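Below is the file final07.cif, which contains mmCIF, C-alpha atoms.
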```cif
data_target
#
loop_
_atom_site.label_atom_id
_atom_site.label_comp_id
_atom_site.auth_asym_id
_atom_site.auth_seq_id
_atom_site.Cartn_x
_atom_site.Cartn_y
_atom_site.Cartn_z
CA MET D 1 -22.49 -8.17 11.28
CA LYS D 2 -23.05 -6.91 14.75
CA GLN D 3 -23.03 -3.21 15.52
CA LEU D 4 -19.63 -1.68 16.19
CA MET D 5 -18.24 1.71 16.90
CA LEU D 6 -14.83 3.07 15.93
CA LEU D 7 -12.96 5.45 18.17
CA ALA D 8 -9.73 6.90 16.76
CA VAL D 9 -7.05 8.89 18.55
CA ALA D 10 -4.87 11.12 16.33
CA THR D 11 -1.49 12.67 17.05
CA LEU D 12 1.38 13.69 14.79
CA ILE D 13 4.80 12.23 14.14
CA CYS D 14 7.24 12.69 11.28
CA ILE D 15 6.78 10.53 8.14
CA GLY D 16 9.81 8.68 6.80
CA THR D 17 11.00 7.34 3.48
CA VAL D 18 9.65 4.26 1.74
CA HIS D 19 11.28 1.05 2.89
CA ALA D 20 9.04 -1.84 1.87
CA ASP D 21 8.08 -4.05 -1.04
CA ASP D 22 4.50 -4.30 -2.20
CA ALA D 23 2.53 -6.26 -4.77
CA ASP D 24 1.97 -3.03 -6.73
CA SER D 25 4.82 -2.25 -9.15
CA ALA D 26 4.67 1.41 -8.09
CA PRO D 27 2.65 1.49 -4.87
CA LYS D 28 0.68 4.59 -4.08
CA TRP D 29 0.91 5.06 -0.35
CA ARG D 30 -2.35 5.84 1.39
CA ARG D 31 -3.08 6.78 5.00
CA GLY D 32 -4.45 4.25 7.47
CA LEU D 33 -4.66 0.49 7.83
CA VAL D 34 -6.86 -1.86 5.84
CA ALA D 35 -9.32 -3.67 8.11
CA HIS D 36 -10.84 -6.94 6.84
CA TYR D 37 -13.88 -8.02 8.86
CA PHE D 38 -15.13 -11.58 9.22
CA GLU D 39 -18.44 -12.57 10.78
CA ASP D 40 -18.35 -15.79 12.73
CA PRO D 41 -21.15 -18.30 13.37
CA THR D 42 -24.08 -16.80 15.23
CA ASN D 43 -23.91 -17.82 18.89
CA TRP D 44 -20.98 -20.00 17.87
CA ASP D 45 -23.16 -23.10 18.00
CA GLY D 46 -23.44 -22.85 21.78
CA GLN D 47 -19.72 -23.35 22.30
CA TRP D 48 -19.55 -20.19 24.42
CA PRO D 49 -22.15 -20.60 27.20
CA ASP D 50 -23.78 -17.60 28.84
CA GLU D 51 -21.90 -16.05 31.77
CA LEU D 52 -18.74 -17.98 30.88
CA SER D 53 -15.67 -16.10 29.65
CA LYS D 54 -13.87 -19.20 28.44
CA PRO D 55 -14.88 -20.91 25.18
CA LEU D 56 -15.29 -24.66 24.93
CA ASP D 57 -13.68 -24.71 21.50
CA SER D 58 -10.45 -23.23 20.15
CA ALA D 59 -10.81 -19.83 18.50
CA LYS D 60 -8.74 -21.06 15.56
CA ASN D 61 -11.70 -23.24 14.55
CA TRP D 62 -14.07 -20.35 13.97
CA THR D 63 -12.18 -17.09 13.40
CA PHE D 64 -11.78 -15.68 9.87
CA THR D 65 -14.41 -18.07 8.52
CA ASP D 66 -16.93 -15.81 6.79
CA TYR D 67 -15.58 -12.65 5.11
CA LYS D 68 -17.98 -9.68 5.20
CA TYR D 69 -16.31 -6.44 4.16
CA SER D 70 -13.18 -4.30 4.24
CA ARG D 71 -12.55 -0.67 5.03
CA VAL D 72 -9.69 1.70 5.84
CA GLU D 73 -9.26 2.72 9.48
CA PRO D 74 -6.84 5.33 10.85
CA THR D 75 -5.43 3.31 13.74
CA VAL D 76 -6.05 0.40 16.11
CA ASN D 77 -8.01 1.94 18.97
CA HIS D 78 -11.55 0.60 19.09
CA LEU D 79 -14.49 -0.18 21.30
CA PHE D 80 -16.75 -2.93 19.96
CA ILE D 81 -20.16 -2.94 21.57
CA LYS D 82 -23.21 -5.25 21.73
CA LYS D 83 -23.00 -9.01 21.65
CA GLY D 84 -21.36 -10.56 18.65
CA TRP D 85 -18.67 -12.89 17.38
CA PHE D 86 -16.30 -11.64 14.73
CA SER D 87 -12.65 -11.28 13.84
CA VAL D 88 -10.64 -8.48 12.24
CA ARG D 89 -7.37 -8.42 10.35
CA TRP D 90 -5.63 -5.06 10.02
CA ILE D 91 -2.86 -4.93 7.43
CA GLY D 92 -0.61 -2.14 6.23
CA TYR D 93 2.73 -0.53 6.97
CA LEU D 94 4.12 0.93 10.16
CA ASN D 95 6.22 3.98 9.34
CA ILE D 96 9.38 4.55 11.38
CA LYS D 97 11.12 7.92 11.35
CA SER D 98 14.38 9.11 12.88
CA PRO D 99 13.99 11.69 15.62
CA CYS D 100 12.88 14.94 14.06
CA ARG D 101 9.79 16.76 15.25
CA LYS D 102 8.87 19.86 13.27
CA ASN D 103 6.25 22.53 13.86
CA THR D 104 5.71 21.28 17.39
CA SER D 105 4.91 22.67 20.79
CA ILE D 106 7.88 22.09 23.10
CA LYS D 107 7.67 22.74 26.84
CA GLY D 108 9.48 21.62 29.96
CA ASN D 109 12.67 21.46 32.04
CA ILE D 110 16.05 19.91 31.28
CA ASN D 111 18.81 19.43 33.86
CA ILE D 112 22.37 20.57 33.09
CA ASN D 113 25.59 19.74 34.96
CA PRO D 114 28.49 21.71 33.46
CA ASN D 115 31.03 20.19 35.86
CA ASN D 116 29.94 16.61 35.26
CA SER D 117 32.07 16.11 32.15
CA THR D 118 32.79 17.72 28.81
CA THR D 119 30.09 15.52 27.30
CA CYS D 120 27.45 17.69 28.99
CA GLU D 121 27.20 20.01 26.02
CA PHE D 122 25.22 23.24 26.28
CA GLU D 123 24.92 26.30 24.08
CA MET D 124 22.18 28.85 23.45
CA ILE D 125 22.18 31.47 20.68
CA LEU D 126 20.44 34.75 21.46
CA PRO D 127 18.63 36.89 18.86
CA ASP D 128 21.61 39.29 18.64
CA GLY D 129 23.96 36.41 17.83
CA SER D 130 25.61 36.23 21.25
CA ARG D 131 26.00 32.85 22.93
CA ILE D 132 25.57 31.35 26.37
CA THR D 133 27.73 28.26 26.80
CA ARG D 134 28.35 25.71 29.54
CA ASP D 135 31.52 27.59 30.54
CA LEU D 136 29.39 30.50 31.79
CA LEU D 137 27.53 28.30 34.24
CA THR D 138 29.61 29.06 37.33
CA LYS D 139 28.75 29.46 41.01
CA THR D 140 28.39 33.24 40.51
CA TYR D 141 26.50 33.30 37.22
CA GLN D 142 23.01 34.79 37.65
CA GLY D 143 21.24 32.90 34.90
CA TYR D 144 19.22 34.17 31.96
CA THR D 145 15.55 34.75 31.16
CA GLY D 146 14.46 35.77 27.68
CA THR D 147 14.31 34.53 24.11
CA VAL D 148 16.82 32.54 22.07
CA THR D 149 16.87 31.17 18.54
CA SER D 150 18.38 27.77 19.32
CA VAL D 151 19.35 25.46 22.17
CA HIS D 152 21.98 22.74 21.84
CA ILE D 153 22.19 20.40 24.80
CA ARG D 154 23.45 17.04 26.00
CA PRO D 155 21.83 16.91 29.43
CA LYS D 156 22.42 15.38 32.80
CA GLY D 157 20.07 12.69 34.03
CA ASN D 158 17.47 10.49 32.41
CA GLY D 159 13.78 9.76 32.82
CA ASN D 160 11.78 11.70 35.39
CA GLN D 161 14.69 13.98 36.20
CA ASN D 162 13.84 15.84 32.99
CA SER D 163 10.29 16.75 32.03
CA LEU D 164 10.04 17.78 28.41
CA LYS D 165 6.79 17.51 26.47
CA VAL D 166 6.35 17.65 22.71
CA ASN D 167 2.81 18.37 21.52
CA GLY D 168 1.60 17.57 25.01
CA GLN D 169 3.20 14.10 25.02
CA SER D 170 6.06 13.15 27.36
CA PHE D 171 9.37 13.22 25.49
CA LEU D 172 12.09 11.06 26.99
CA ILE D 173 15.40 12.92 27.43
CA LEU D 174 18.56 10.77 27.55
CA ASN D 175 22.04 11.85 28.59
CA SER D 176 23.50 9.65 25.85
CA LEU D 177 22.11 11.90 23.12
CA THR D 178 22.43 15.50 22.02
CA TYR D 179 19.38 17.63 21.28
CA ASP D 180 18.96 20.66 19.05
CA ILE D 181 15.87 22.80 19.58
CA THR D 182 15.14 25.66 17.20
CA GLY D 183 12.19 27.94 16.64
CA PRO D 184 11.06 31.47 15.76
CA ALA D 185 11.05 32.62 19.40
CA ILE D 186 12.14 30.17 22.08
CA THR D 187 11.37 31.44 25.57
CA VAL D 188 13.87 30.13 28.10
CA LYS D 189 14.71 30.48 31.76
CA LEU D 190 18.21 29.35 32.67
CA TYR D 191 18.41 29.06 36.45
CA ASN D 192 19.96 27.29 39.44
CA ASP D 193 17.58 26.03 42.13
CA ARG D 194 20.12 25.30 44.86
CA ILE D 195 22.16 28.17 46.28
CA ASN D 196 24.23 27.92 49.46
CA LYS D 197 27.06 29.83 51.13
CA ARG D 198 29.49 28.61 48.51
CA GLY D 199 27.33 29.80 45.65
CA ARG D 200 25.27 27.85 43.14
CA ALA D 201 25.49 24.05 43.16
CA MET D 202 26.85 23.07 39.76
CA GLY D 203 24.60 20.06 39.28
CA GLN D 204 21.46 22.12 39.84
CA TRP D 205 21.38 24.17 36.66
CA TRP D 206 18.15 23.88 34.71
CA ILE D 207 16.74 25.27 31.53
CA ASN D 208 13.02 25.79 31.14
CA ILE D 209 12.00 25.87 27.47
CA GLU D 210 8.77 26.91 25.79
CA VAL D 211 8.25 27.32 22.04
CA GLU D 212 5.44 26.93 19.53
CA ASN D 213 6.15 25.82 15.95
CA GLY D 214 9.57 24.63 17.04
CA THR D 215 11.78 21.77 15.88
CA ILE D 216 13.57 19.22 18.06
CA ASN D 217 16.18 16.92 16.60
CA LYS D 218 18.30 14.20 18.19
CA ALA D 219 21.65 12.72 17.20
CA ASN D 220 23.42 9.49 18.13
CA ASP D 221 26.29 9.51 20.60
CA ASP D 222 28.86 10.15 17.89
CA GLY D 223 26.72 12.90 16.36
CA ALA D 224 26.12 10.91 13.20
CA LYS D 225 22.78 11.28 11.48
CA LYS D 226 22.89 7.86 9.82
CA ASP D 227 19.96 5.72 10.88
CA LYS D 228 21.09 2.72 12.90
CA GLY D 229 17.63 1.66 13.96
CA ALA D 230 16.03 1.66 17.38
CA LEU D 231 14.33 -0.82 19.70
CA TYR D 232 10.54 -0.52 19.78
CA SER D 233 8.24 -2.31 22.20
CA PHE D 234 4.55 -2.88 21.52
CA ARG D 235 1.54 -3.40 23.75
CA ILE D 236 -1.95 -4.53 22.87
CA LEU D 237 -4.86 -4.29 25.28
CA ALA D 238 -7.52 -6.61 23.93
CA ASP D 239 -10.75 -8.30 24.87
CA ASP D 240 -10.36 -10.96 23.48
CA GLY D 241 -7.55 -12.61 21.44
CA CYS D 242 -4.83 -10.74 19.54
CA ARG D 243 -1.64 -11.29 17.61
CA MET D 244 0.78 -9.12 15.67
CA THR D 245 3.56 -9.56 13.12
CA ILE D 246 6.11 -7.05 11.77
CA ASP D 247 7.90 -7.85 8.52
CA GLY D 248 6.68 -11.42 8.91
CA LYS D 249 8.07 -11.81 12.44
CA LYS D 250 5.54 -12.70 15.12
CA VAL D 251 5.89 -10.29 18.06
CA ILE D 252 2.60 -10.87 19.94
CA ASN D 253 0.60 -14.09 19.89
CA ASP D 254 -2.19 -14.65 22.42
CA TRP D 255 -5.16 -16.11 20.54
CA HIS D 256 -7.27 -16.74 23.62
CA ALA D 257 -10.33 -15.18 25.21
CA CYS D 258 -9.42 -12.59 27.82
CA TRP D 259 -11.63 -10.18 29.74
CA GLU D 260 -10.54 -6.54 29.40
CA SER D 261 -10.25 -6.06 33.19
CA SER D 262 -7.91 -9.03 33.56
CA PRO D 263 -4.18 -8.30 34.00
CA LYS D 264 -3.59 -10.72 31.12
CA ALA D 265 -5.53 -8.45 28.75
CA THR D 266 -2.39 -6.37 28.14
CA ARG D 267 0.02 -8.26 25.92
CA LYS D 268 3.60 -7.02 25.53
CA SER D 269 6.16 -7.73 22.86
CA MET D 270 9.89 -8.17 23.23
CA PRO D 271 11.87 -5.18 21.89
CA VAL D 272 12.04 -5.13 18.08
CA LYS D 273 14.82 -3.28 16.25
CA LEU D 274 13.37 -1.21 13.40
CA LYS D 275 15.16 1.06 10.96
CA ASP D 276 13.69 4.09 9.24
CA GLY D 277 11.04 3.33 6.65
CA LYS D 278 7.83 1.39 6.24
CA HIS D 279 7.51 -2.06 7.78
CA LEU D 280 4.78 -4.55 6.90
CA VAL D 281 2.47 -5.01 9.89
CA VAL D 282 -0.48 -7.35 10.50
CA ILE D 283 -2.69 -7.16 13.60
CA GLU D 284 -5.42 -9.73 14.18
CA TYR D 285 -8.20 -9.72 16.76
CA PHE D 286 -11.26 -11.72 17.66
CA GLN D 287 -14.19 -10.52 19.74
CA GLY D 288 -16.13 -13.18 21.54
CA GLN D 289 -18.69 -13.48 24.28
CA SER D 290 -19.86 -10.28 25.99
CA LEU D 291 -20.76 -11.17 29.56
CA VAL D 292 -22.59 -7.92 30.26
CA SER D 293 -25.16 -6.11 28.12
CA ASP D 294 -23.37 -3.40 26.14
CA ASP D 295 -20.06 -4.68 27.46
CA HIS D 296 -17.14 -2.83 25.91
CA ASP D 297 -14.75 -5.12 24.09
CA PRO D 298 -11.71 -2.98 23.36
CA ILE D 299 -8.50 -3.31 21.44
CA LYS D 300 -5.81 -0.65 21.77
CA MET D 301 -2.28 -0.75 20.43
CA SER D 302 0.59 1.35 21.79
CA TRP D 303 4.35 1.57 21.42
CA SER D 304 7.40 2.87 23.23
CA CYS D 305 10.99 3.59 22.22
CA ALA D 306 13.50 5.06 24.68
CA LYS D 307 16.01 6.01 21.98
CA ARG D 308 13.39 7.93 20.03
CA GLY D 309 11.91 9.59 23.11
CA ILE D 310 8.55 7.79 22.82
CA ALA D 311 6.96 6.97 26.15
CA ASN D 312 4.23 4.33 26.08
CA GLN D 313 1.47 5.87 23.95
CA LEU D 314 -1.13 4.89 21.39
CA ILE D 315 0.35 4.52 17.93
CA PRO D 316 -0.96 7.57 16.04
CA PRO D 317 -2.70 7.46 12.65
CA SER D 318 0.21 9.26 11.00
CA ALA D 319 2.32 6.11 11.50
CA PHE D 320 0.07 3.85 9.40
CA TRP D 321 -0.08 3.45 5.60
CA HIS D 322 -1.48 0.94 3.13
CA THR D 323 -1.69 0.25 -0.60
CA ALA D 324 -4.52 -0.56 -2.98
CA SER D 325 -3.45 -4.19 -3.31
CA GLN D 326 -3.86 -4.68 0.44
CA LEU D 327 -7.39 -3.35 0.23
CA ARG D 328 -8.21 -5.74 -2.61
CA ASN D 329 -6.65 -8.84 -1.04
CA THR D 330 -8.78 -10.25 1.79
CA GLU D 331 -6.66 -13.34 2.44
#
```
Whole structure given in structure tokens:
Amino acid sequence: MKQLMLLAVATLICIGTVHADDADSAPKWRRGLVAHYFEDPTNWDGQWPDELSKPLDSAKNWTFTDYKYSRVEPTVNHLFIKKGWFSVRWIGYLNIKSPCRKNTSIKGNININPNNSTTCEFEMILPDGSRITRDLLTKTYQGYTGTVTSVHIRPKGNGNQNSLKVNGQSFLILNSLTYDITGPAITVKLYNDRINKRGRAMGQWWINIEVENGTINKANDDGAKKDKGALYSFRILADDGCRMTIDGKKVINDWHACWESSPKATRKSMPVKLKDGKHLVVIEYFQGQSLVSDDHDPIKMSWSCAKRGIANQLIPPSAFWHTASQLRNTE
């Protein structure tokens, strides 16, 4: 087996309830994905000539031919180095959780428009129990700077208009959802950044929020907490071939050599609707010819979900689980 190096990126997300069948009668869930490694024929019998990034034979004829070993890895974010030919199959469960981020750092601005419609909900509770509601946001209101114990908001605008970050990661704010932010001491600045002769422009109210060890929760349009699922999109940057299935459904399939600097190296899935719980996931990869000495041959997997406020980001280790039977079974 050729030398390889594992780089793992770790962030935190909430962990959901079990929603998967497994060969074990009572599976014991364990962190990480099982990675089965296969060494392929040395030099591939000359079918991959030097300085050529396109094989003369189909990868299906030589990948997963000679099993070597298995190990548990936290996520799919690797750099394989040195020359070598091998393939890897990661197997485990992808855990999906409804929007609830606890013990998090929350920072950023959210736009409010109290005159837009009654759906633009807004209420803050101060430490003494008093409240600031959307009805106070008039042309003459001076704003508020201080601490609060909770913020309830259904904002104006989407995307870049709002700039909230949770644990340093961009958190997508949608005007179709309500948000509840709580914490031991939420520092806020409620202000209007456009004042003219007629007073404060109603659509220019903002709230700046900063809290450590806070909680942010989202609800559906009707306020119901029942999980209805959400659309997730996946991306894999790979040099070389890659494919991916979720619950047996193929979502990415590009089993061809591809240089990491090529635009084709990033493969994207169609949106996949996933409900809360654990979903069986299989990711396969082959690493082929390295055209440059110590060439980096990466594979990175990321996801995005507008409804859950996930901008495109690497899938964190806390989302992956496996069972003992998956570690034992190399097929």
- Task: Name all residues at most 7 Å from segment 139-155 of chain D (count all atoms listed in the file; drop same-chain ones fewer than 3 positions away) and give them as an MDAnalysis selection string.
- Result: chainID D and resid 110:112 119:127 136 175 177:191 199:202
- To verify the selection step, state as a ChimeraX atom specification which residues the PyMOL selection byres ((chain D and resi 251-268) around 10) yields on this input. /D:53-55,58-60,233-246,248-250,269-272,283-291,295-303
- Task: Quick one: pull the distance between atom CA of Ile310 of chain D and atom CA of Arg89 of chain D, Å, one decimal.
- Result: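 Atom-to-atom, atom CA of Ile310 of chain D to atom CA of Arg89 of chain D, that is 25.9 Å.
For the pair atom CA of Leu174 of chain D and atom CA of Lys218 of chain D, the interatomic distance is 10.0 Å.
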- Surrounding residues of Thr63 of chain D excluding itself and chain neighbours under 4 positions, 9 Å, all atoms listed in the file, as a list in words: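 In the requested form, the answer reads Phe38, Glu39, Asp40, Ala59, Trp85, Phe86, Ser87, Val88 and Phe286 of chain D.
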- Counting all atoms listed in the file, what is within 10 Å of Asn162 of chain D, bar same-chain residues fewer than 3 positions away, as an NGL selection string? :D and (108-112 or 155-159 or 165 or 170-174 or 206-207)
- Message: Rounded to one decimal, what separation in Å do you get between atom CA of Ala311 of chain D and atom CA of Ala35 of chain D?
- Response: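 Computed distance, atom CA of Ala311 of chain D to atom CA of Ala35 of chain D, equals 26.5 Å.
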- Message: Show me, as a PyMOL selection string, the residues that have an atom within 9 Å of Ser105 of chain D when counting only C-alpha atoms, minus same-chain residues fewer than 3 positions from it.
- Response: chain D and resi 102+165-168+210-215
- Given the PyMOL selection byres ((chain D and resi 74) around 6), the residues it picks as a ChimeraX atom specification: /D:32,73,75,317
- Query: Where does the PyMOL selection byres ((chain D and resi 326) around 10) land in this file, that is, which residues does it pick, as a list in words?
  - Reply: Asp22, Ala23, Asp24, Leu33, Val34, Ala35, His36, Trp90, Ile91, Gly92, His322, Thr323, Ala324, Ser325, Leu327, Arg328, Asn329, Thr330 and Glu331 of chain D
- Message: Considering all atoms listed in the file, can you say which of D:Ile96, D:Ile106, D:Ala306, D:Leu231 comes closest to Phe320 of chain D?
- Response: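 Among the listed residues, D:Ile96 lies closest to Phe320 of chain D.
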- Item | Selected residue of minimal separation from Ile216 of chain D among D:Ser163, D:Thr133, D:Gln313, D:Thr104, counting all atoms listed in the file |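 That would be D:Thr104, the residue with the smallest distance to Ile216 of chain D.
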